[in-house]
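Visitor: Before we start, here is the structure in question, set down as C-alpha cells.
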Amino acid sequence: MGGDRGAGVLAVGLGLVAIADARRLVCDTATVRGLPENAANHEHRTMTTLLYTHPACLAHDPGEYHPESPARLRAVLEALSAPEFARLQRREAPAAPRDVIALVHPVALVDRLLAAVPQTGHVGIDADTIMSPGSGEAALRAAGAVVAAVDAVVAGEADNAFCAVRPPGHHAEPRRPMGFCLFNSIAIGALRARETHGIERVAVIDFDVHHGNGTQACFWDDAALFYASTHQYPLYPGTGGTRETGAAGNIVNVPLPPMAGSQQFRAAISRTIIPALDEFRPGLVLISAGFDAHKSDPLAQLQLDESDYTWVTEQLLAVAHTHAHGRVVSSLEGGYDLVALGASAAAHVRVLMSV
Ligand SMILES: [Zn+2]
C-alpha cells in the first residue's frame, strides 16, 4: 500500500513532544444553538441541512503549540453563526456507541485507547497524536456525529448534514490511531450506512490536503466501499499514489504536486473522480472535508481558495442527486489557518444548504 515517502511527522518542526503539560484545561462552553425549523414554504427549493457538533469536541486539547487546536472548531462555528446560516438545523452530536465504532476498529483497541486518556496533562500516541483529558469524549462525539448524521439523512429527516467536530479521523487506520486522528469517523459512518440501513454502495470523497490512509485501509478489500482522494504528494502520511487502487479498483487517488492550484484540483475531480463515482453509483455520498489545501494553510502548499470548495461541493451534490437521492454527509477533517478554515467551511456549508 504505497511506500513510506513523506511519512513521519505531520506537524513538521512544531516540537510536539512535551506531553507532560499538566495545565488545566478550560472547557469551552460554547453552546449548540437550537433554532426552530422555519424553512417551510420557501418560494424556491432550498435544502434542509443538519449541523452536528458538541462542546466536548472543544475539550480535546493536544497542547498549546499543536495546530489541531480547539480554536479551529471555534473558527468553524463562528463562521456558521452568521445570519445566513440561521436555517441550519443544529443538533448535539451523541457519543458513538462502542459497538458502532467496532464496525471499523477492534473493540480491544477502542478500550485501550479510551483507557489511555489521561486524567491530567497529555498522553502521546505518536509525535503528532496527543490526548488530553477531554480527548476520549471528543473522539466519541466526533464519530457519533457522523453516525447520527448518516441515520438522519438516510431516514429523510434532512437532505444532507455537516459535522463540525474534532479530532479529525481520516488518518486513523483500523488498528492504528495516527496523524491527529483517534477514530475514523467517516469510515464508521460508511459502515453504519451499510450495516444498519442496507445501503449497498457507499462512497467517501476526501479533499483534505493529506491522503486519508486510514479510510483507504478500511475500504481496501471491500468492493462496495469507494474512496477517492485529492491530496498533495509527496506529503504526510506518504500514501496515496495512483497505483493504490484497492482490491477491486474501489480506491481512486489523485496526487497533486506542491503548488498545484484550482485548475489541477478541478481537473482531478471532473476528469478522474466524478467519472469513477458515476461508475460506482453510490447510494450515499460521504465527504472528508478538510480545508488544508487552501493557499493560506501552513501545513501544505496547495493553492486552493474558497471558490474551489464551493465548486467541489456543487460537483459532489450533483453526483449525490444522480445516484443517492441527494444524500450527503460531510465531516470536518483538517484545515489549520483559522481565517481560511472558517471561510472555507462556510463556503462548503452554503452549497449544502443551496442558499
Ligand atoms: Zn489534512
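By convention in this document, the chains of the C-alpha cells carry letters A, B, ... by their order, each chain's residues are numbered from 1, and ligands are numbered from 1 in the order they are shown.
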Taking only C-alpha atoms and all ligand atoms into account, list the residues no farther than 9 Å from ligand 1, as a ChimeraX atom specification.
Guide: /A:10,168,170-171,179,207-212,231,236,290-293,299-300,333-336
Visitor: Could you name the residues that touch A:Glu306 at 9 Å or less, counting only C-alpha atoms, but leaving out those on the same chain fewer than 3 positions away, as a list in words?
Guide: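 Here the answer would be His294, Tyr309, Thr310, Trp311, Ala340, Ala343, Ser344, Ala345, Ala346, Ala347 and His348 of chain A.
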Visitor: For A:Ser185, please output as a PyMOL selection string all residues within 10 Å (counting only C-alpha atoms; exclusion window: fewer than 5 positions along the same chain).
Guide: chain A and resi 96+101+104+139-147+165-170+172+190+215+288+331-333
Visitor: Skipping near chain neighbours, those fewer than 4 positions away, what residues fall within 10 Å of stretch 269-278 of chain A using only C-alpha atoms, listed as a PyMOL selection string?
Guide: chain A and resi 203-205+207+226-230+249-254+264-265+282+285+312+315-316+318-320+322-323
Visitor: Let's see if you can do this: from backbone DSSP, list all strand (DSSP E or B) residues in stretch 131-310 of chain A, as number ranges by chain.
Guide: A: 131, 160-163, 173, 176, 178, 181, 202-206, 225-232, 251-256, 261, 284-289, 294, 303-304
Visitor: Could those residues be written to a file, using C-alpha atoms, as a PDB file, in the first residue's frame?
Guide:
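As a result, part.pdb now contains:
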```pdb
ATOM      1  CA  MET A 131      -4.620  13.006  24.016  1.00  0.00           C
ATOM      2  CA  ASN A 160     -27.715  16.494   3.989  1.00  0.00           C
ATOM      3  CA  ALA A 161     -25.522  17.176   7.028  1.00  0.00           C
ATOM      4  CA  PHE A 162     -22.261  18.743   8.068  1.00  0.00           C
ATOM      5  CA  CYS A 163     -20.419  17.529  11.164  1.00  0.00           C
ATOM      6  CA  GLU A 173      -6.417   3.026  10.468  1.00  0.00           C
ATOM      7  CA  ARG A 176      -3.636   2.413  14.464  1.00  0.00           C
ATOM      8  CA  MET A 178      -2.300   8.440  13.984  1.00  0.00           C
ATOM      9  CA  CYS A 181      -6.838  11.152  14.432  1.00  0.00           C
ATOM     10  CA  VAL A 202     -21.075   3.995  -0.045  1.00  0.00           C
ATOM     11  CA  ALA A 203     -18.514   6.493  -1.335  1.00  0.00           C
ATOM     12  CA  VAL A 204     -16.154   8.759   0.583  1.00  0.00           C
ATOM     13  CA  ILE A 205     -14.597  11.688  -1.238  1.00  0.00           C
ATOM     14  CA  ASP A 206     -11.699  13.272   0.626  1.00  0.00           C
ATOM     15  CA  LEU A 225     -16.903   0.865  -0.403  1.00  0.00           C
ATOM     16  CA  PHE A 226     -15.339   3.543  -2.597  1.00  0.00           C
ATOM     17  CA  TYR A 227     -12.673   6.017  -1.552  1.00  0.00           C
ATOM     18  CA  ALA A 228     -11.379   8.876  -3.705  1.00  0.00           C
ATOM     19  CA  SER A 229      -8.835  11.446  -2.618  1.00  0.00           C
ATOM     20  CA  THR A 230      -7.102  14.518  -3.944  1.00  0.00           C
ATOM     21  CA  HIS A 231      -4.047  15.390  -1.885  1.00  0.00           C
ATOM     22  CA  GLN A 232      -0.622  16.918  -2.065  1.00  0.00           C
ATOM     23  CA  ILE A 251      -9.795   3.319  -4.460  1.00  0.00           C
ATOM     24  CA  VAL A 252      -9.009   6.351  -6.629  1.00  0.00           C
ATOM     25  CA  ASN A 253      -6.069   8.537  -5.702  1.00  0.00           C
ATOM     26  CA  VAL A 254      -5.171  11.731  -7.498  1.00  0.00           C
ATOM     27  CA  PRO A 255      -1.918  13.051  -6.044  1.00  0.00           C
ATOM     28  CA  LEU A 256      -1.174  16.702  -6.781  1.00  0.00           C
ATOM     29  CA  GLY A 261      -3.979  25.097  -7.642  1.00  0.00           C
ATOM     30  CA  LEU A 284     -24.749   7.636  -0.090  1.00  0.00           C
ATOM     31  CA  VAL A 285     -22.017  10.241  -0.564  1.00  0.00           C
ATOM     32  CA  LEU A 286     -19.763  10.991   2.393  1.00  0.00           C
ATOM     33  CA  ILE A 287     -17.218  13.806   2.354  1.00  0.00           C
ATOM     34  CA  SER A 288     -13.983  14.046   4.321  1.00  0.00           C
ATOM     35  CA  ALA A 289     -13.987  17.829   4.307  1.00  0.00           C
ATOM     36  CA  HIS A 294      -6.258  26.247   0.981  1.00  0.00           C
ATOM     37  CA  GLN A 303      -3.240  26.773  -3.665  1.00  0.00           C
ATOM     38  CA  LEU A 304      -6.996  26.368  -3.396  1.00  0.00           C
TER      39      LEU A 304
END
```
Visitor: For the structure I just gave you, how does DSSP split stretch 130-194 of chain A - specifically, which residues are alpha helix (DSSP H)? Reply as an mmCIF file with N, CA and C atoms, in the first residue's frame.
Guide:
```cif
data_model
loop_
_atom_site.group_PDB
_atom_site.id
_atom_site.type_symbol
_atom_site.label_atom_id
_atom_site.label_comp_id
_atom_site.auth_asym_id
_atom_site.auth_seq_id
_atom_site.Cartn_x
_atom_site.Cartn_y
_atom_site.Cartn_z
ATOM 1 N N SER A 135 -10.104 14.179 25.410
ATOM 2 C CA SER A 135 -9.980 13.578 24.072
ATOM 3 C C SER A 135 -10.906 12.387 23.839
ATOM 4 N N GLY A 136 -11.137 11.596 24.888
ATOM 5 C CA GLY A 136 -11.967 10.408 24.711
ATOM 6 C C GLY A 136 -13.384 10.781 24.313
ATOM 7 N N GLU A 137 -13.974 11.702 25.081
ATOM 8 C CA GLU A 137 -15.352 12.080 24.750
ATOM 9 C C GLU A 137 -15.416 12.810 23.407
ATOM 10 N N ALA A 138 -14.407 13.633 23.134
ATOM 11 C CA ALA A 138 -14.399 14.338 21.846
ATOM 12 C C ALA A 138 -14.402 13.337 20.686
ATOM 13 N N ALA A 139 -13.547 12.322 20.775
ATOM 14 C CA ALA A 139 -13.469 11.328 19.693
ATOM 15 C C ALA A 139 -14.773 10.540 19.565
ATOM 16 N N LEU A 140 -15.390 10.227 20.707
ATOM 17 C CA LEU A 140 -16.672 9.509 20.670
ATOM 18 C C LEU A 140 -17.765 10.369 20.043
ATOM 19 N N ARG A 141 -17.754 11.675 20.371
ATOM 20 C CA ARG A 141 -18.768 12.594 19.801
ATOM 21 C C ARG A 141 -18.501 12.855 18.312
ATOM 22 N N ALA A 142 -17.228 12.910 17.936
ATOM 23 C CA ALA A 142 -16.905 13.137 16.521
ATOM 24 C C ALA A 142 -17.421 11.969 15.673
ATOM 25 N N ALA A 143 -17.157 10.753 16.130
ATOM 26 C CA ALA A 143 -17.671 9.584 15.404
ATOM 27 C C ALA A 143 -19.191 9.532 15.499
ATOM 28 N N GLY A 144 -19.712 9.864 16.673
ATOM 29 C CA GLY A 144 -21.164 9.831 16.876
ATOM 30 C C GLY A 144 -21.891 10.831 16.002
ATOM 31 N N ALA A 145 -21.262 11.966 15.740
ATOM 32 C CA ALA A 145 -21.871 12.969 14.861
ATOM 33 C C ALA A 145 -22.101 12.388 13.473
ATOM 34 N N VAL A 146 -21.087 11.716 12.945
ATOM 35 C CA VAL A 146 -21.208 11.171 11.591
ATOM 36 C C VAL A 146 -22.254 10.047 11.564
ATOM 37 N N VAL A 147 -22.237 9.222 12.587
ATOM 38 C CA VAL A 147 -23.216 8.128 12.661
ATOM 39 C C VAL A 147 -24.641 8.694 12.733
ATOM 40 N N ALA A 148 -24.847 9.679 13.603
ATOM 41 C CA ALA A 148 -26.183 10.272 13.745
ATOM 42 C C ALA A 148 -26.593 10.988 12.463
ATOM 43 N N ALA A 149 -25.635 11.633 11.818
ATOM 44 C CA ALA A 149 -25.941 12.341 10.569
ATOM 45 C C ALA A 149 -26.343 11.351 9.478
ATOM 46 N N VAL A 150 -25.624 10.236 9.404
ATOM 47 C CA VAL A 150 -25.994 9.192 8.431
ATOM 48 C C VAL A 150 -27.408 8.686 8.728
ATOM 49 N N ASP A 151 -27.681 8.394 9.987
ATOM 50 C CA ASP A 151 -29.014 7.904 10.363
ATOM 51 C C ASP A 151 -30.094 8.902 9.950
ATOM 52 N N ALA A 152 -29.866 10.179 10.238
ATOM 53 C CA ALA A 152 -30.887 11.206 9.986
ATOM 54 C C ALA A 152 -31.096 11.439 8.492
ATOM 55 N N VAL A 153 -30.012 11.490 7.750
ATOM 56 C CA VAL A 153 -30.129 11.766 6.312
ATOM 57 C C VAL A 153 -30.760 10.565 5.595
ATOM 58 N N VAL A 154 -30.353 9.370 5.985
ATOM 59 C CA VAL A 154 -30.948 8.184 5.365
ATOM 60 C C VAL A 154 -32.433 8.074 5.730
ATOM 61 N N SER A 185 -13.940 8.519 11.875
ATOM 62 C CA SER A 185 -15.376 8.817 11.943
ATOM 63 C C SER A 185 -16.082 8.584 10.615
ATOM 64 N N ILE A 186 -15.470 9.000 9.514
ATOM 65 C CA ILE A 186 -16.165 8.906 8.227
ATOM 66 C C ILE A 186 -16.283 7.437 7.795
ATOM 67 N N ALA A 187 -15.264 6.627 8.086
ATOM 68 C CA ALA A 187 -15.347 5.195 7.756
ATOM 69 C C ALA A 187 -16.397 4.509 8.625
ATOM 70 N N ILE A 188 -16.472 4.917 9.874
ATOM 71 C CA ILE A 188 -17.507 4.365 10.769
ATOM 72 C C ILE A 188 -18.894 4.706 10.211
ATOM 73 N N GLY A 189 -19.056 5.940 9.737
ATOM 74 C CA GLY A 189 -20.332 6.346 9.139
ATOM 75 C C GLY A 189 -20.677 5.523 7.903
ATOM 76 N N ALA A 190 -19.661 5.236 7.099
ATOM 77 C CA ALA A 190 -19.890 4.430 5.889
ATOM 78 C C ALA A 190 -20.371 3.031 6.250
ATOM 79 N N LEU A 191 -19.704 2.421 7.213
ATOM 80 C CA LEU A 191 -20.097 1.073 7.630
ATOM 81 C C LEU A 191 -21.470 1.081 8.293
ATOM 82 N N ARG A 192 -21.753 2.130 9.037
ATOM 83 C CA ARG A 192 -23.070 2.278 9.649
ATOM 84 C C ARG A 192 -24.166 2.291 8.568
ATOM 85 N N ALA A 193 -23.902 3.037 7.496
ATOM 86 C CA ALA A 193 -24.901 3.144 6.428
ATOM 87 C C ALA A 193 -25.209 1.772 5.837
ATOM 88 N N ARG A 194 -24.188 0.962 5.722
ATOM 89 C CA ARG A 194 -24.406 -0.353 5.134
ATOM 90 C C ARG A 194 -25.005 -1.339 6.135
#
```
Visitor: Of the candidates A:Lys295, A:Phe280, A:Ala75, A:Gly214, which shows the shortest atom-to-atom distance to A:Val339, using only C-alpha atoms?
Guide: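 The shortest atom-to-atom distance to A:Val339 comes from A:Ala75.
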Visitor: Can you tell me, as a list in words, what residues are no more than 8 Å from A:His105 when counting only C-alpha atoms, ignoring any on the same chain fewer than 5 positions away?
Guide: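 My list of contacting residues is Val110, Glu173, Pro174, Arg175 and Phe183 of chain A.
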